[in-house]
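Asker: work.txt (compact mmCIF, C-alpha atoms) pasted underneath:
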# COMPACT_ATOMS: atom_id res chain seq x y z
CA MET A 26 0.00 0.00 0.00
CA ALA A 27 1.72 3.15 -1.20
CA GLN A 28 1.48 6.34 0.86
CA THR A 29 1.04 9.75 -0.62
CA THR A 30 3.72 12.36 -0.02
CA GLU A 31 1.23 14.29 2.09
CA GLU A 32 0.63 11.28 4.39
CA ILE A 33 4.37 10.77 4.82
CA ARG A 34 4.86 14.47 5.61
CA ALA A 35 2.07 14.34 8.20
CA GLN A 36 3.70 11.32 9.86
CA MET A 37 7.08 13.07 9.93
CA ARG A 38 5.49 16.19 11.46
CA ASP A 39 3.85 14.03 14.14
CA ALA A 40 7.15 12.29 14.92
CA ILE A 41 8.97 15.62 15.18
CA GLU A 42 6.30 16.99 17.53
CA ARG A 43 6.59 13.89 19.74
CA ASP A 44 10.39 14.24 19.84
CA ARG A 45 10.07 17.91 20.71
CA HIS A 46 7.82 17.09 23.68
CA LEU A 47 10.22 14.39 24.88
CA PHE A 48 13.15 16.77 24.60
CA LYS A 49 11.25 19.45 26.53
CA ASP A 50 10.52 16.91 29.32
CA VAL A 51 14.19 15.95 29.51
CA VAL A 52 15.30 19.59 29.73
CA ILE A 53 12.68 20.38 32.39
CA SER A 54 13.67 17.38 34.55
CA ASP A 55 17.31 18.44 34.22
CA HIS A 56 16.44 21.94 35.46
CA LEU A 57 14.43 20.45 38.35
CA GLN A 58 17.34 18.24 39.38
CA ASN A 59 19.71 21.23 39.33
CA ALA A 60 17.27 23.32 41.37
CA MET A 61 16.84 20.54 43.94
CA ARG A 62 20.63 20.16 44.21
CA ARG A 63 21.06 23.91 44.76
CA ALA A 64 18.28 23.92 47.39
CA ALA A 65 19.88 20.99 49.25
CA GLN A 66 23.25 22.75 49.13
CA ALA A 67 21.72 25.98 50.46
CA ARG A 68 20.07 24.09 53.33
CA ALA A 69 23.38 22.43 54.19
CA GLU A 70 25.14 25.81 54.20
CA GLN A 71 22.43 27.28 56.45
CA ALA A 72 22.79 24.35 58.82
CA ASP A 73 26.56 24.91 58.94
CA ALA A 74 26.10 28.60 59.64
CA ALA A 75 23.61 27.97 62.47
As structure tokens - that is how I would like this structure written.
Answerer:
Amino acid sequence: MAQTTEEIRAQMRDAIERDRHLFKDVVISDHLQNAMRRAAQARAEQADAA
């Protein structure tokens, strides 16, 4: 069953959108991990200062 060029383009667009969402999730989780690390470090420094 042959696909039209338009069907193939639509599938590629869908795949790119999915990849973009995955990439966004990865970047966000990376930022969250960094923020949690910084918060833990700040708490440790406060505890040392107290």
Asker: CA of Phe48 (chain A) to CA of Ala65 (chain A): how many Å, to one decimal?
Answerer: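 Pair CA of Phe48 (chain A) / CA of Ala65 (chain A) returns 25.9 Å.
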Asker: Rounded to one decimal place, report the CA of Asp73 (chain A)-CA of Ala60 (chain A) distance in Å.
Answerer: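 Between CA of Asp73 (chain A) and CA of Ala60 (chain A) the gap works out to 19.9 Å.
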Asker: If you measure from CA of Ile33 (chain A) to CA of Asp50 (chain A), what distance in Å do you get, rounded to one decimal?
Answerer: 26.0 Å
Asker: Let me have the centre and edge lengths in Å, one decimal, of the box along x, y and z around every listed atom of region 42-55 of chain A with 5 Å of margin on each side, as JSON.
Answerer:
{"center_x": 11.8, "center_y": 17.1, "center_z": 26.0, "size_x": 21.0, "size_y": 16.5, "size_z": 27.0}
Asker: Starting from the incomplete input, reconstruct N, CA and C atoms of region 34-61 of chain A and write that as an mmCIF file, keeping the file's coordinate frame.
Answerer:
data_model
loop_
_atom_site.group_PDB
_atom_site.id
_atom_site.type_symbol
_atom_site.label_atom_id
_atom_site.label_comp_id
_atom_site.auth_asym_id
_atom_site.auth_seq_id
_atom_site.Cartn_x
_atom_site.Cartn_y
_atom_site.Cartn_z
ATOM 1 N N ARG A 34 4.515 13.200 4.950
ATOM 2 C CA ARG A 34 4.860 14.470 5.610
ATOM 3 C C ARG A 34 4.126 14.613 6.931
ATOM 4 N N ALA A 35 2.855 14.240 6.960
ATOM 5 C CA ALA A 35 2.070 14.340 8.200
ATOM 6 C C ALA A 35 2.677 13.441 9.271
ATOM 7 N N GLN A 36 3.086 12.231 8.894
ATOM 8 C CA GLN A 36 3.700 11.320 9.860
ATOM 9 C C GLN A 36 5.012 11.884 10.388
ATOM 10 N N MET A 37 5.809 12.484 9.500
ATOM 11 C CA MET A 37 7.080 13.070 9.930
ATOM 12 C C MET A 37 6.832 14.235 10.883
ATOM 13 N N ARG A 38 5.823 15.066 10.573
ATOM 14 C CA ARG A 38 5.490 16.190 11.460
ATOM 15 C C ARG A 38 5.092 15.674 12.839
ATOM 16 N N ASP A 39 4.268 14.607 12.864
ATOM 17 C CA ASP A 39 3.850 14.030 14.140
ATOM 18 C C ASP A 39 5.054 13.512 14.929
ATOM 19 N N ALA A 40 5.960 12.838 14.252
ATOM 20 C CA ALA A 40 7.150 12.290 14.920
ATOM 21 C C ALA A 40 8.007 13.416 15.487
ATOM 22 N N ILE A 41 8.160 14.489 14.713
ATOM 23 C CA ILE A 41 8.970 15.620 15.180
ATOM 24 C C ILE A 41 8.324 16.258 16.403
ATOM 25 N N GLU A 42 7.005 16.414 16.381
ATOM 26 C CA GLU A 42 6.300 16.990 17.530
ATOM 27 C C GLU A 42 6.506 16.121 18.775
ATOM 28 N N ARG A 43 6.390 14.804 18.604
ATOM 29 C CA ARG A 43 6.590 13.890 19.740
ATOM 30 C C ARG A 43 8.007 14.042 20.300
ATOM 31 N N ASP A 44 9.000 14.078 19.409
ATOM 32 C CA ASP A 44 10.390 14.240 19.840
ATOM 33 C C ASP A 44 10.584 15.556 20.580
ATOM 34 N N ARG A 45 9.933 16.598 20.085
ATOM 35 C CA ARG A 45 10.070 17.910 20.710
ATOM 36 C C ARG A 45 9.526 17.877 22.128
ATOM 37 N N HIS A 46 8.388 17.193 22.328
ATOM 38 C CA HIS A 46 7.820 17.090 23.680
ATOM 39 C C HIS A 46 8.746 16.291 24.590
ATOM 40 N N LEU A 47 9.298 15.193 24.070
ATOM 41 C CA LEU A 47 10.220 14.390 24.880
ATOM 42 C C LEU A 47 11.421 15.219 25.282
ATOM 43 N N PHE A 48 11.971 15.958 24.318
ATOM 44 C CA PHE A 48 13.150 16.770 24.600
ATOM 45 C C PHE A 48 12.833 17.806 25.668
ATOM 46 N N LYS A 49 11.643 18.434 25.562
ATOM 47 C CA LYS A 49 11.250 19.450 26.530
ATOM 48 C C LYS A 49 11.176 18.828 27.925
ATOM 49 N N ASP A 50 10.605 17.593 28.028
ATOM 50 C CA ASP A 50 10.520 16.910 29.320
ATOM 51 C C ASP A 50 11.907 16.653 29.894
ATOM 52 N N VAL A 51 12.832 16.234 29.053
ATOM 53 C CA VAL A 51 14.190 15.950 29.510
ATOM 54 C C VAL A 51 14.839 17.227 30.052
ATOM 55 N N VAL A 52 14.699 18.324 29.311
ATOM 56 C CA VAL A 52 15.300 19.590 29.730
ATOM 57 C C VAL A 52 14.688 20.049 31.050
ATOM 58 N N ILE A 53 13.357 19.942 31.169
ATOM 59 C CA ILE A 53 12.680 20.380 32.390
ATOM 60 C C ILE A 53 13.155 19.545 33.581
ATOM 61 N N SER A 54 13.252 18.220 33.423
ATOM 62 C CA SER A 54 13.670 17.380 34.550
ATOM 63 C C SER A 54 15.112 17.704 34.935
ATOM 64 N N ASP A 55 15.928 18.061 33.947
ATOM 65 C CA ASP A 55 17.310 18.440 34.220
ATOM 66 C C ASP A 55 17.343 19.723 35.062
ATOM 67 N N HIS A 56 16.516 20.694 34.694
ATOM 68 C CA HIS A 56 16.440 21.940 35.460
ATOM 69 C C HIS A 56 15.948 21.664 36.883
ATOM 70 N N LEU A 57 14.963 20.781 37.017
ATOM 71 C CA LEU A 57 14.430 20.450 38.350
ATOM 72 C C LEU A 57 15.515 19.816 39.207
ATOM 73 N N GLN A 58 16.274 18.895 38.616
ATOM 74 C CA GLN A 58 17.340 18.240 39.380
ATOM 75 C C GLN A 58 18.371 19.269 39.845
ATOM 76 N N ASN A 59 18.735 20.192 38.958
ATOM 77 C CA ASN A 59 19.710 21.230 39.330
ATOM 78 C C ASN A 59 19.157 22.103 40.446
ATOM 79 N N ALA A 60 17.877 22.474 40.344
ATOM 80 C CA ALA A 60 17.270 23.320 41.370
ATOM 81 C C ALA A 60 17.233 22.598 42.709
ATOM 82 N N MET A 61 16.896 21.301 42.694
ATOM 83 C CA MET A 61 16.840 20.540 43.940
ATOM 84 C C MET A 61 18.232 20.426 44.558
#
